[in-house]
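Have a look at the structure below before the remarks.
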Amino acid sequence: MNLTLRIWRQQSSEEEGAMVTYRVEDISPDMSFLEMLDVLNEELILAGDEPVAFDHDCREGICGACGMVINGQAHGPERTTTCQLHMRHFKDGDTVDVEPWRAAAFPVVKDLVVDRTAFDRVIQAGGYISVPTGSAPEAHATAVPKEAADFAFEHAECIGCGACVAACPNGSAMLFTSAKVNHLNVLPQGQPERETRVLDMVAAMDDQGFGGCTNTGECATACPKGIPLPSIAAMNREYLRALRKEKSRSKG
Amino acid sequence: MAGTGVIMLLFLVAHMLGNLKIFFGAEEFNGYAAWLRTIGEPALHNSWYLYIQRTGLVVAVVLHGVAAYQLSKRDIRARPAKYEHKRQRASYATRTMRWGGVILGLYIVWHILDLTTLTVNPLGKEHHPYENIVADFRIWWVNVVYIVAMLALGLHIRHGFWSAAQTLGAVNKRRDRALKITANVLAASLTAGFLVVPVAVMTGLVD
């Protein structure tokens, strides 16, 4: 199949970017979107041009490195990561727009590569549990109710790709932060930091310049791992609970 | 946004139900309006409760607006560069929250000038709300203003109710569907409940 690509090219975060049009020919429908970009880059290199910069790592949908907005949708038309998006979802002769994640908190480094350090800052603020050093504890020593384990696993699926921020009209990171908070707050191992975790992570999220949530639901629609929208309500519940606890603690 | 929204929503339900008393005739409707002034008596002086409620509602409207402004400002700052490939995002009700809210704010000002202070009411007879309402809805453009505002209200509540539940942490996977249905039912019944009054005047059912 032959495609026309309009790709965002930007030399660095300081320089202005623009959409540049390319043609790719003889693309196999079995290729992934990234393999199609590899084909384009090979041609660009052979022609002596600068290849398109994009993030990628595992190429099996679990690392969260690859991320680009394809035709206005984070990770493109299928609910998966860009590396797992196949060219059979496009038609011969299509024009495909490829842009980086757009958010104040995710500055463009080059072309389609954005700096997602803001997510790391949110994780640093509370995305951990405290474990004493020494020998590993017996795995069955702490019982985890089935429902809590399922809830934790559902949220642990978040790969931090940033599609939620990219899809949100407000550039909000509520779905990402809620996935991380819910994952640890529901488990017995996460209890000692239950209140500080949610308060600190939300504060860090606000510091990084993410927008506020207006409950549009775009994040959950775009999430390749299916983190559901009610997760944000669960985080809000944790947040309100932590505020109440903090208040009574400061009084006592 | 959620807290003030819920306060205003509760008032609107009472307001809409009260409005329906117009179908029992001028005497009963005007009597109901007069009774509203006596709430809280004898502990409170005549109309005091009404003014307490009015103050509360004005505070709610203002805080709601200020919060919306702050949130919008923050959201616009968080997405400085727009996508080149434009795509329609979210539902109509969700997308129109901001401008729909502005329309509702302007409508509230007009509505108070019309039926509370009677400044712009075509009849403007004090203590005769029934007659004032009938005089209002005999004018075509008043009907248009009212109908547009009530449709905007329905859309605002459709997204707003569920959104408030989400903000306050009331949503979970099991309740999600029920809350969405409640939002739609509330939005539809409030819009319909408010709109039957001008429709009844237009069709001559209320005269």
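Going through the structure tokens in order, the chains are called A, B, and so on, while each chain numbers its residues from 1 and the ligands are numbered from 1 in the order shown.
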
Check your understanding: Which chain A residues are at most 6 Å from chain B (counting only C-alpha atoms), as a list in words?
Key ->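 Output check: Asn71, Gly72, Ala103, Ala104, Asn170, Gly171, Phe210, Gly211, Gly212, Asn215, Thr216, Pro230, Ala233, Ala234, Asn236 and Arg237 of chain A.
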
Dump as a short mmCIF file (atom, residue, chain, number, x, y, z; two decimals), in the first residue's frame, selection limited to all heavy atoms:
```cif
data_model
loop_
_atom_site.label_atom_id
_atom_site.label_comp_id
_atom_site.auth_asym_id
_atom_site.auth_seq_id
_atom_site.Cartn_x
_atom_site.Cartn_y
_atom_site.Cartn_z
N ASN A 71 -3.48 10.78 13.24
CA ASN A 71 -4.78 11.32 12.82
C ASN A 71 -5.61 11.82 14.01
O ASN A 71 -6.80 11.55 14.12
CB ASN A 71 -5.57 10.25 12.04
CG ASN A 71 -5.05 10.12 10.62
OD1 ASN A 71 -4.36 11.00 10.09
ND2 ASN A 71 -5.36 9.00 9.99
N GLY A 72 -4.94 12.53 14.90
CA GLY A 72 -5.64 13.15 16.03
C GLY A 72 -5.93 12.21 17.19
O GLY A 72 -6.51 12.62 18.18
N ALA A 103 1.49 18.65 25.23
CA ALA A 103 1.14 19.09 26.59
C ALA A 103 2.28 19.96 27.09
O ALA A 103 3.44 19.73 26.75
CB ALA A 103 0.94 17.90 27.51
N ALA A 104 1.93 20.96 27.88
CA ALA A 104 2.96 21.84 28.45
C ALA A 104 3.95 21.02 29.28
O ALA A 104 5.14 21.31 29.31
CB ALA A 104 2.31 22.91 29.31
N ASN A 170 -7.49 18.91 28.07
CA ASN A 170 -6.89 19.79 29.07
C ASN A 170 -5.45 19.40 29.41
O ASN A 170 -4.88 19.97 30.34
CB ASN A 170 -7.70 19.77 30.35
CG ASN A 170 -9.18 19.95 30.11
OD1 ASN A 170 -9.56 20.72 29.25
ND2 ASN A 170 -9.99 19.24 30.85
N GLY A 171 -4.89 18.41 28.73
CA GLY A 171 -3.55 17.95 29.06
C GLY A 171 -3.43 17.55 30.52
O GLY A 171 -2.44 17.85 31.18
N PHE A 210 0.39 19.96 34.53
CA PHE A 210 -0.70 19.25 33.86
C PHE A 210 -2.00 20.02 34.09
O PHE A 210 -2.13 20.74 35.08
CB PHE A 210 -0.85 17.83 34.42
CG PHE A 210 0.29 16.91 34.06
CD1 PHE A 210 1.19 16.50 35.01
CD2 PHE A 210 0.46 16.48 32.75
CE1 PHE A 210 2.24 15.65 34.69
CE2 PHE A 210 1.50 15.64 32.42
CZ PHE A 210 2.40 15.22 33.38
N GLY A 211 -2.95 19.85 33.21
CA GLY A 211 -4.22 20.56 33.34
C GLY A 211 -5.13 19.88 34.35
O GLY A 211 -4.79 18.83 34.91
N GLY A 212 -6.30 20.48 34.59
CA GLY A 212 -7.28 19.91 35.51
C GLY A 212 -8.23 18.99 34.76
O GLY A 212 -8.37 19.06 33.55
N ASN A 215 -13.55 15.70 33.31
CA ASN A 215 -14.33 14.47 33.11
C ASN A 215 -14.85 14.30 31.68
O ASN A 215 -16.00 13.91 31.47
CB ASN A 215 -15.50 14.43 34.09
CG ASN A 215 -15.04 14.47 35.53
OD1 ASN A 215 -14.16 13.71 35.92
ND2 ASN A 215 -15.59 15.37 36.32
N THR A 216 -14.00 14.57 30.69
CA THR A 216 -14.43 14.38 29.31
C THR A 216 -14.38 12.91 28.93
O THR A 216 -15.04 12.49 27.99
CB THR A 216 -13.55 15.17 28.33
OG1 THR A 216 -12.22 14.62 28.37
CG2 THR A 216 -13.50 16.64 28.66
N PRO A 230 -13.68 5.50 35.96
CA PRO A 230 -13.98 5.55 37.40
C PRO A 230 -12.73 5.49 38.29
O PRO A 230 -12.81 5.77 39.49
CB PRO A 230 -14.88 4.34 37.63
CG PRO A 230 -15.54 4.11 36.32
CD PRO A 230 -14.49 4.45 35.30
N ALA A 233 -12.30 8.71 39.90
CA ALA A 233 -13.18 8.89 41.06
C ALA A 233 -12.61 8.18 42.27
O ALA A 233 -12.69 8.68 43.40
CB ALA A 233 -14.58 8.35 40.75
N ALA A 234 -12.01 7.00 42.05
CA ALA A 234 -11.40 6.25 43.16
C ALA A 234 -10.25 7.05 43.77
O ALA A 234 -10.10 7.08 44.98
CB ALA A 234 -10.91 4.89 42.65
N ASN A 236 -10.01 10.35 43.66
CA ASN A 236 -10.65 11.47 44.36
C ASN A 236 -11.14 11.05 45.74
O ASN A 236 -11.05 11.80 46.70
CB ASN A 236 -11.81 12.03 43.54
CG ASN A 236 -11.33 12.76 42.29
OD1 ASN A 236 -10.19 13.18 42.22
ND2 ASN A 236 -12.20 12.89 41.31
N ARG A 237 -11.66 9.82 45.80
CA ARG A 237 -12.13 9.27 47.07
C ARG A 237 -10.95 9.16 48.05
O ARG A 237 -11.05 9.55 49.20
CB ARG A 237 -12.72 7.88 46.80
CG ARG A 237 -13.85 7.49 47.68
CD ARG A 237 -14.83 6.52 47.03
NE ARG A 237 -14.24 5.40 46.33
CZ ARG A 237 -14.57 5.06 45.07
NH1 ARG A 237 -15.45 5.78 44.41
NH2 ARG A 237 -14.03 4.02 44.50
#
```

**Study point:** Selection near A:Glu78, 12 Å with only C-alpha atoms, sequence-local residues under 3 positions removed, as a PyMOL selection string
**Key:** chain A and resi 32-33+69-71+73-75+81-90+221-225

Just N, CA, C and O atoms for this one: save the residues we selected as a PDB file, in the first residue's frame.
```
ATOM      1  N   SER A  32       3.975  -3.100  11.385  1.00  0.00           N
ATOM      2  CA  SER A  32       3.463  -2.236  12.444  1.00  0.00           C
ATOM      3  C   SER A  32       3.696  -0.794  12.005  1.00  0.00           C
ATOM      4  O   SER A  32       4.461  -0.528  11.075  1.00  0.00           O
ATOM      5  N   PHE A  33       3.059   0.123  12.710  1.00  0.00           N
ATOM      6  CA  PHE A  33       3.203   1.538  12.348  1.00  0.00           C
ATOM      7  C   PHE A  33       4.665   1.966  12.464  1.00  0.00           C
ATOM      8  O   PHE A  33       5.173   2.733  11.649  1.00  0.00           O
ATOM      9  N   VAL A  69       0.642  10.830  18.182  1.00  0.00           N
ATOM     10  CA  VAL A  69      -0.761  11.062  17.866  1.00  0.00           C
ATOM     11  C   VAL A  69      -0.944  10.876  16.369  1.00  0.00           C
ATOM     12  O   VAL A  69      -0.323  11.567  15.567  1.00  0.00           O
ATOM     13  N   ILE A  70      -1.748   9.873  16.009  1.00  0.00           N
ATOM     14  CA  ILE A  70      -1.954   9.519  14.609  1.00  0.00           C
ATOM     15  C   ILE A  70      -3.372   9.907  14.214  1.00  0.00           C
ATOM     16  O   ILE A  70      -4.339   9.438  14.833  1.00  0.00           O
ATOM     17  N   ASN A  71      -3.479  10.782  13.242  1.00  0.00           N
ATOM     18  CA  ASN A  71      -4.783  11.315  12.819  1.00  0.00           C
ATOM     19  C   ASN A  71      -5.607  11.819  14.010  1.00  0.00           C
ATOM     20  O   ASN A  71      -6.802  11.551  14.120  1.00  0.00           O
ATOM     21  N   GLN A  73      -5.544  10.934  17.067  1.00  0.00           N
ATOM     22  CA  GLN A  73      -5.807   9.982  18.142  1.00  0.00           C
ATOM     23  C   GLN A  73      -4.490   9.474  18.725  1.00  0.00           C
ATOM     24  O   GLN A  73      -3.580   9.093  17.967  1.00  0.00           O
ATOM     25  N   ALA A  74      -4.403   9.441  20.051  1.00  0.00           N
ATOM     26  CA  ALA A  74      -3.194   8.938  20.701  1.00  0.00           C
ATOM     27  C   ALA A  74      -3.042   7.461  20.361  1.00  0.00           C
ATOM     28  O   ALA A  74      -3.985   6.689  20.535  1.00  0.00           O
ATOM     29  N   HIS A  75      -1.908   7.048  19.848  1.00  0.00           N
ATOM     30  CA  HIS A  75      -1.612   5.683  19.411  1.00  0.00           C
ATOM     31  C   HIS A  75      -2.468   5.266  18.205  1.00  0.00           C
ATOM     32  O   HIS A  75      -2.536   4.070  17.893  1.00  0.00           O
ATOM     33  N   THR A  81      -0.902   0.199  21.714  1.00  0.00           N
ATOM     34  CA  THR A  81       0.246   1.094  21.569  1.00  0.00           C
ATOM     35  C   THR A  81       0.617   1.211  20.085  1.00  0.00           C
ATOM     36  O   THR A  81       0.239   0.349  19.283  1.00  0.00           O
ATOM     37  N   THR A  82       1.368   2.240  19.739  1.00  0.00           N
ATOM     38  CA  THR A  82       1.711   2.480  18.333  1.00  0.00           C
ATOM     39  C   THR A  82       2.477   1.298  17.737  1.00  0.00           C
ATOM     40  O   THR A  82       2.285   0.953  16.573  1.00  0.00           O
ATOM     41  N   CYS A  83       3.310   0.643  18.558  1.00  0.00           N
ATOM     42  CA  CYS A  83       4.098  -0.488  18.041  1.00  0.00           C
ATOM     43  C   CYS A  83       3.214  -1.677  17.691  1.00  0.00           C
ATOM     44  O   CYS A  83       3.575  -2.520  16.885  1.00  0.00           O
ATOM     45  N   GLN A  84       2.043  -1.763  18.315  1.00  0.00           N
ATOM     46  CA  GLN A  84       1.128  -2.871  18.061  1.00  0.00           C
ATOM     47  C   GLN A  84       0.018  -2.489  17.080  1.00  0.00           C
ATOM     48  O   GLN A  84      -0.902  -3.276  16.828  1.00  0.00           O
ATOM     49  N   LEU A  85       0.117  -1.295  16.550  1.00  0.00           N
ATOM     50  CA  LEU A  85      -0.862  -0.838  15.545  1.00  0.00           C
ATOM     51  C   LEU A  85      -0.352  -1.284  14.173  1.00  0.00           C
ATOM     52  O   LEU A  85       0.790  -1.003  13.821  1.00  0.00           O
ATOM     53  N   HIS A  86      -1.175  -2.006  13.446  1.00  0.00           N
ATOM     54  CA  HIS A  86      -0.729  -2.529  12.149  1.00  0.00           C
ATOM     55  C   HIS A  86      -1.302  -1.725  10.992  1.00  0.00           C
ATOM     56  O   HIS A  86      -2.357  -1.112  11.111  1.00  0.00           O
ATOM     57  N   MET A  87      -0.563  -1.777   9.890  1.00  0.00           N
ATOM     58  CA  MET A  87      -0.914  -0.930   8.749  1.00  0.00           C
ATOM     59  C   MET A  87      -2.211  -1.379   8.085  1.00  0.00           C
ATOM     60  O   MET A  87      -2.781  -0.645   7.294  1.00  0.00           O
ATOM     61  N   ARG A  88      -2.697  -2.582   8.425  1.00  0.00           N
ATOM     62  CA  ARG A  88      -3.969  -3.034   7.834  1.00  0.00           C
ATOM     63  C   ARG A  88      -5.147  -2.176   8.289  1.00  0.00           C
ATOM     64  O   ARG A  88      -6.221  -2.248   7.719  1.00  0.00           O
ATOM     65  N   HIS A  89      -4.930  -1.358   9.319  1.00  0.00           N
ATOM     66  CA  HIS A  89      -6.004  -0.474   9.779  1.00  0.00           C
ATOM     67  C   HIS A  89      -6.058   0.821   8.967  1.00  0.00           C
ATOM     68  O   HIS A  89      -6.863   1.697   9.248  1.00  0.00           O
ATOM     69  N   PHE A  90      -5.157   0.917   7.975  1.00  0.00           N
ATOM     70  CA  PHE A  90      -5.184   2.083   7.082  1.00  0.00           C
ATOM     71  C   PHE A  90      -5.509   1.599   5.678  1.00  0.00           C
ATOM     72  O   PHE A  90      -5.366   0.408   5.376  1.00  0.00           O
ATOM     73  N   THR A 221     -10.650   6.485  26.941  1.00  0.00           N
ATOM     74  CA  THR A 221     -10.896   5.982  25.594  1.00  0.00           C
ATOM     75  C   THR A 221      -9.568   5.717  24.895  1.00  0.00           C
ATOM     76  O   THR A 221      -9.451   4.789  24.103  1.00  0.00           O
ATOM     77  N   ALA A 222      -8.569   6.544  25.180  1.00  0.00           N
ATOM     78  CA  ALA A 222      -7.287   6.431  24.485  1.00  0.00           C
ATOM     79  C   ALA A 222      -6.356   5.421  25.146  1.00  0.00           C
ATOM     80  O   ALA A 222      -5.439   4.921  24.501  1.00  0.00           O
ATOM     81  N   CYS A 223      -6.566   5.121  26.429  1.00  0.00           N
ATOM     82  CA  CYS A 223      -5.613   4.299  27.184  1.00  0.00           C
ATOM     83  C   CYS A 223      -5.432   2.917  26.546  1.00  0.00           C
ATOM     84  O   CYS A 223      -6.384   2.154  26.440  1.00  0.00           O
ATOM     85  N   PRO A 224      -4.198   2.577  26.119  1.00  0.00           N
ATOM     86  CA  PRO A 224      -3.996   1.262  25.493  1.00  0.00           C
ATOM     87  C   PRO A 224      -4.148   0.115  26.480  1.00  0.00           C
ATOM     88  O   PRO A 224      -4.299  -1.030  26.078  1.00  0.00           O
ATOM     89  N   LYS A 225      -4.111   0.416  27.776  1.00  0.00           N
ATOM     90  CA  LYS A 225      -4.208  -0.640  28.777  1.00  0.00           C
ATOM     91  C   LYS A 225      -5.583  -0.696  29.427  1.00  0.00           C
ATOM     92  O   LYS A 225      -5.807  -1.451  30.374  1.00  0.00           O
TER      93      LYS A 225
END
```

Exercise for review: Tell me, as an MDAnalysis selection string, which residues lie within 12 Å of A:Val108, counting only C-alpha atoms; anything in the same chain fewer than 5 positions away does not count.
Suggested key: (chainID A and resid 8:17 53:55 68 99:103 113:117) or (chainID B and resid 81)

Please dump the current selection as a short mmCIF file (atom, residue, chain, number, x, y, z; two decimals), in the first residue's frame; keep N, CA and C atoms.
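What follows is the written file selection-v1.cif:
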```cif
data_model
loop_
_atom_site.label_atom_id
_atom_site.label_comp_id
_atom_site.auth_asym_id
_atom_site.auth_seq_id
_atom_site.Cartn_x
_atom_site.Cartn_y
_atom_site.Cartn_z
N TRP A 8 5.18 15.69 11.97
CA TRP A 8 5.68 16.87 12.68
C TRP A 8 7.20 16.79 12.77
N ARG A 9 7.89 17.76 12.17
CA ARG A 9 9.35 17.82 12.27
C ARG A 9 9.73 19.04 13.09
N GLN A 10 10.58 18.80 14.08
CA GLN A 10 11.03 19.90 14.95
C GLN A 10 12.45 19.56 15.38
N GLN A 11 13.40 20.41 15.06
CA GLN A 11 14.81 20.14 15.34
C GLN A 11 15.09 20.00 16.84
N SER A 12 14.54 20.90 17.63
CA SER A 12 14.77 20.85 19.08
C SER A 12 13.64 21.58 19.78
N SER A 13 13.65 21.54 21.11
CA SER A 13 12.57 22.20 21.85
C SER A 13 12.58 23.71 21.64
N GLU A 14 13.74 24.26 21.27
CA GLU A 14 13.83 25.72 21.09
C GLU A 14 13.31 26.16 19.72
N GLU A 15 13.40 25.25 18.74
CA GLU A 15 13.03 25.67 17.38
C GLU A 15 11.56 25.39 17.08
N GLU A 16 11.04 26.14 16.12
CA GLU A 16 9.67 25.96 15.67
C GLU A 16 9.56 24.68 14.86
N GLY A 17 8.45 24.00 14.97
CA GLY A 17 8.24 22.81 14.17
C GLY A 17 7.19 23.03 13.10
N ALA A 53 12.77 11.34 14.24
CA ALA A 53 13.05 10.81 15.59
C ALA A 53 11.76 10.40 16.26
N PHE A 54 11.71 9.18 16.78
CA PHE A 54 10.56 8.76 17.59
C PHE A 54 11.02 7.79 18.66
N ASP A 55 10.31 7.76 19.78
CA ASP A 55 10.66 6.87 20.89
C ASP A 55 10.12 5.47 20.62
N MET A 68 2.68 8.37 19.77
CA MET A 68 2.51 9.50 18.85
C MET A 68 1.02 9.63 18.55
N GLU A 99 1.81 13.28 14.86
CA GLU A 99 2.27 14.40 15.70
C GLU A 99 2.76 13.87 17.04
N PRO A 100 3.57 14.65 17.74
CA PRO A 100 3.98 14.23 19.09
C PRO A 100 2.85 14.46 20.10
N TRP A 101 2.96 13.86 21.29
CA TRP A 101 2.07 14.21 22.41
C TRP A 101 2.16 15.72 22.59
N ARG A 102 1.03 16.36 22.79
CA ARG A 102 1.07 17.82 23.01
C ARG A 102 0.56 18.16 24.40
N ALA A 103 1.49 18.65 25.23
CA ALA A 103 1.14 19.09 26.59
C ALA A 103 2.28 19.96 27.09
N VAL A 113 9.53 12.89 19.55
CA VAL A 113 10.00 12.52 20.89
C VAL A 113 9.67 13.64 21.87
N VAL A 114 8.98 13.27 22.97
CA VAL A 114 8.70 14.26 24.01
C VAL A 114 9.38 13.84 25.30
N ASP A 115 9.59 14.81 26.18
CA ASP A 115 10.21 14.56 27.47
C ASP A 115 9.13 14.25 28.50
N ARG A 116 9.08 12.99 28.96
CA ARG A 116 8.04 12.58 29.90
C ARG A 116 8.54 12.52 31.35
N THR A 117 9.58 13.31 31.63
CA THR A 117 10.13 13.34 33.00
C THR A 117 9.05 13.72 34.02
N ALA B 81 0.21 24.19 22.65
CA ALA B 81 0.22 23.95 21.20
C ALA B 81 -0.91 22.99 20.87
#
```

Review point. Leaving out B:Asp136 and any residue of its chain fewer than 6 positions from it, which residues lie within 10 Å of it when counting only C-alpha atoms, given as number ranges by chain?
Key: B: 114-115, 120-124, 130, 142-143, 198, 201

Could you give me, as a tab-separated table (two decimals) with all heavy atoms, in the first residue's frame, the residues within 9 Å of B:Thr38, counting only C-alpha atoms and dropping anything in the same chain fewer than 4 positions from it?
```tsv
chain	number	residue	atom	x	y	z
B	34	ALA	N	-46.61	33.30	47.91
B	34	ALA	CA	-46.70	34.06	49.16
B	34	ALA	C	-46.22	33.21	50.33
B	34	ALA	O	-45.55	33.70	51.24
B	34	ALA	CB	-48.15	34.51	49.39
B	42	PRO	N	-42.49	31.33	62.89
B	42	PRO	CA	-42.24	32.68	63.44
B	42	PRO	C	-40.80	32.90	63.89
B	42	PRO	O	-40.48	33.98	64.35
B	42	PRO	CB	-43.19	32.72	64.65
B	42	PRO	CG	-43.26	31.29	65.10
B	42	PRO	CD	-43.10	30.44	63.90
B	44	LEU	N	-38.18	33.13	62.05
B	44	LEU	CA	-37.61	34.15	61.17
B	44	LEU	C	-38.68	35.16	60.80
B	44	LEU	O	-39.87	34.82	60.75
B	44	LEU	CB	-37.07	33.50	59.90
B	44	LEU	CG	-35.87	32.56	60.07
B	44	LEU	CD1	-35.52	31.94	58.72
B	44	LEU	CD2	-34.67	33.29	60.63
B	45	HIS	N	-38.27	36.37	60.51
B	45	HIS	CA	-39.18	37.40	60.05
B	45	HIS	C	-39.62	37.07	58.62
B	45	HIS	O	-38.96	36.31	57.92
B	45	HIS	CB	-38.46	38.75	60.10
B	45	HIS	CG	-39.34	39.91	59.77
B	45	HIS	ND1	-40.38	40.30	60.59
B	45	HIS	CD2	-39.35	40.76	58.72
B	45	HIS	CE1	-40.97	41.34	60.05
B	45	HIS	NE2	-40.37	41.64	58.92
B	46	ASN	N	-40.72	37.63	58.18
B	46	ASN	CA	-41.23	37.41	56.82
B	46	ASN	C	-40.15	37.68	55.78
B	46	ASN	O	-39.45	38.69	55.84
B	46	ASN	CB	-42.44	38.34	56.59
B	46	ASN	CG	-43.07	38.10	55.23
B	46	ASN	OD1	-42.56	38.59	54.23
B	46	ASN	ND2	-44.13	37.33	55.21
B	47	SER	N	-40.01	36.72	54.83
B	47	SER	CA	-39.05	36.81	53.72
B	47	SER	C	-37.59	36.58	54.11
B	47	SER	O	-36.73	36.55	53.24
B	47	SER	CB	-39.13	38.15	52.96
B	47	SER	OG	-40.38	38.28	52.36
B	48	TRP	N	-37.29	36.45	55.38
B	48	TRP	CA	-35.89	36.29	55.78
B	48	TRP	C	-35.28	35.03	55.19
B	48	TRP	O	-34.19	35.03	54.68
B	48	TRP	CB	-35.75	36.27	57.32
B	48	TRP	CG	-35.67	37.63	57.89
B	48	TRP	CD1	-36.11	38.79	57.32
B	48	TRP	CD2	-35.11	38.00	59.17
B	48	TRP	NE1	-35.88	39.85	58.15
B	48	TRP	CE2	-35.27	39.39	59.29
B	48	TRP	CE3	-34.54	37.29	60.22
B	48	TRP	CZ2	-34.85	40.10	60.41
B	48	TRP	CZ3	-34.11	37.98	61.34
B	48	TRP	CH2	-34.26	39.38	61.43
B	49	TYR	N	-36.08	33.91	55.31
B	49	TYR	CA	-35.57	32.65	54.78
B	49	TYR	C	-35.24	32.82	53.30
B	49	TYR	O	-34.19	32.38	52.82
B	49	TYR	CB	-36.58	31.51	54.95
B	49	TYR	CG	-36.16	30.30	54.16
B	49	TYR	CD1	-35.14	29.48	54.62
B	49	TYR	CD2	-36.72	30.04	52.91
B	49	TYR	CE1	-34.69	28.42	53.85
B	49	TYR	CE2	-36.28	28.98	52.15
B	49	TYR	CZ	-35.27	28.17	52.63
B	49	TYR	OH	-34.82	27.14	51.86
B	50	LEU	N	-36.13	33.50	52.57
B	50	LEU	CA	-35.96	33.70	51.13
B	50	LEU	C	-34.63	34.41	50.85
B	50	LEU	O	-33.91	34.04	49.92
B	50	LEU	CB	-37.13	34.53	50.61
B	50	LEU	CG	-37.64	34.19	49.22
B	50	LEU	CD1	-37.98	32.72	49.11
B	50	LEU	CD2	-38.85	35.04	48.88
```

Check your understanding: Can you list every residue in stretch 4-247 of chain A that DSSP puts in alpha helix (DSSP H), as a ChimeraX atom specification?
Key -> /A:33-46,117-126,146-156,163-167,174-185,194-207,218-222,230-247

Exercise for review: State, in Å with one decimal place, the distance from atom CA of B:Thr96 to atom CA of A:Ala167.
Suggested key: 18.0 Å

Residues within 12 Å of stretch 132-148 of chain A, only C-alpha atoms, excluding chain neighbours under 4 positions, as a PDB file with N, CA and C atoms, in the first residue's frame:
```pdb
ATOM      1  N   ALA A 152      -5.786  -3.867  42.074  1.00  0.00           N
ATOM      2  CA  ALA A 152      -4.392  -3.445  41.978  1.00  0.00           C
ATOM      3  C   ALA A 152      -3.802  -3.830  40.620  1.00  0.00           C
ATOM      4  N   PHE A 153      -4.077  -5.058  40.176  1.00  0.00           N
ATOM      5  CA  PHE A 153      -3.543  -5.511  38.884  1.00  0.00           C
ATOM      6  C   PHE A 153      -4.069  -4.662  37.732  1.00  0.00           C
ATOM      7  N   GLU A 154      -5.363  -4.354  37.805  1.00  0.00           N
ATOM      8  CA  GLU A 154      -5.983  -3.558  36.741  1.00  0.00           C
ATOM      9  C   GLU A 154      -5.222  -2.236  36.579  1.00  0.00           C
ATOM     10  N   HIS A 155      -4.858  -1.626  37.720  1.00  0.00           N
ATOM     11  CA  HIS A 155      -4.187  -0.327  37.654  1.00  0.00           C
ATOM     12  C   HIS A 155      -2.692  -0.451  37.432  1.00  0.00           C
ATOM     13  N   ALA A 156      -2.122  -1.607  37.854  1.00  0.00           N
ATOM     14  CA  ALA A 156      -0.686  -1.830  37.631  1.00  0.00           C
ATOM     15  C   ALA A 156      -0.393  -1.992  36.147  1.00  0.00           C
ATOM     16  N   ASN A 182      -4.094   4.173  42.904  1.00  0.00           N
ATOM     17  CA  ASN A 182      -5.006   3.059  43.196  1.00  0.00           C
ATOM     18  C   ASN A 182      -4.261   1.736  43.309  1.00  0.00           C
ATOM     19  N   HIS A 183      -3.281   1.558  42.430  1.00  0.00           N
ATOM     20  CA  HIS A 183      -2.507   0.316  42.395  1.00  0.00           C
ATOM     21  C   HIS A 183      -1.911   0.033  43.781  1.00  0.00           C
ATOM     22  N   LEU A 184      -1.288   1.036  44.397  1.00  0.00           N
ATOM     23  CA  LEU A 184      -0.598   0.799  45.675  1.00  0.00           C
ATOM     24  C   LEU A 184      -1.509   1.008  46.881  1.00  0.00           C
ATOM     25  N   ASN A 185      -2.468   1.917  46.766  1.00  0.00           N
ATOM     26  CA  ASN A 185      -3.301   2.243  47.940  1.00  0.00           C
ATOM     27  C   ASN A 185      -4.237   1.116  48.349  1.00  0.00           C
ATOM     28  N   VAL A 186      -4.547   0.221  47.420  1.00  0.00           N
ATOM     29  CA  VAL A 186      -5.507  -0.846  47.741  1.00  0.00           C
ATOM     30  C   VAL A 186      -4.803  -2.056  48.367  1.00  0.00           C
ATOM     31  N   LEU A 187      -3.487  -2.138  48.233  1.00  0.00           N
ATOM     32  CA  LEU A 187      -2.744  -3.301  48.727  1.00  0.00           C
ATOM     33  C   LEU A 187      -2.291  -3.107  50.179  1.00  0.00           C
ATOM     34  N   PRO A 188      -2.211  -4.184  50.935  1.00  0.00           N
ATOM     35  CA  PRO A 188      -1.735  -4.070  52.329  1.00  0.00           C
ATOM     36  C   PRO A 188      -0.333  -3.451  52.394  1.00  0.00           C
ATOM     37  N   GLN A 189       0.513  -3.782  51.417  1.00  0.00           N
ATOM     38  CA  GLN A 189       1.881  -3.250  51.412  1.00  0.00           C
ATOM     39  C   GLN A 189       1.916  -1.734  51.224  1.00  0.00           C
ATOM     40  N   GLY A 190       0.829  -1.192  50.686  1.00  0.00           N
ATOM     41  CA  GLY A 190       0.815   0.239  50.405  1.00  0.00           C
ATOM     42  C   GLY A 190       0.221   1.081  51.519  1.00  0.00           C
TER      43      GLY A 190
END
```

Show me, as a JSON list (two decimals) with C-alpha atoms, in the first residue's frame, the residues that have an atom within 12 Å of A:Thr95 when counting only C-alpha atoms, minus same-chain residues fewer than 5 positions from it.
```
[["chain", "number", "residue", "atom", "x", "y", "z"],
["A", 1, "MET", "CA", 0.00, 0.00, 0.00],
["A", 2, "ASN", "CA", 1.07, 3.59, -0.69],
["A", 3, "LEU", "CA", 0.58, 6.34, 1.86],
["A", 4, "THR", "CA", 1.06, 10.07, 2.22],
["A", 5, "LEU", "CA", 2.46, 10.95, 5.64],
["A", 6, "ARG", "CA", 2.33, 14.38, 7.22],
["A", 7, "ILE", "CA", 4.82, 14.24, 10.09],
["A", 21, "THR", "CA", 4.78, 15.66, 3.82],
["A", 22, "TYR", "CA", 6.39, 12.34, 2.80],
["A", 23, "ARG", "CA", 5.39, 9.51, 0.49],
["A", 24, "VAL", "CA", 5.92, 5.86, 1.39],
["A", 70, "ILE", "CA", -1.95, 9.52, 14.61],
["A", 71, "ASN", "CA", -4.78, 11.32, 12.82],
["A", 90, "PHE", "CA", -5.18, 2.08, 7.08],
["B", 85, "HIS", "CA", -5.13, 17.18, 12.98]]
```
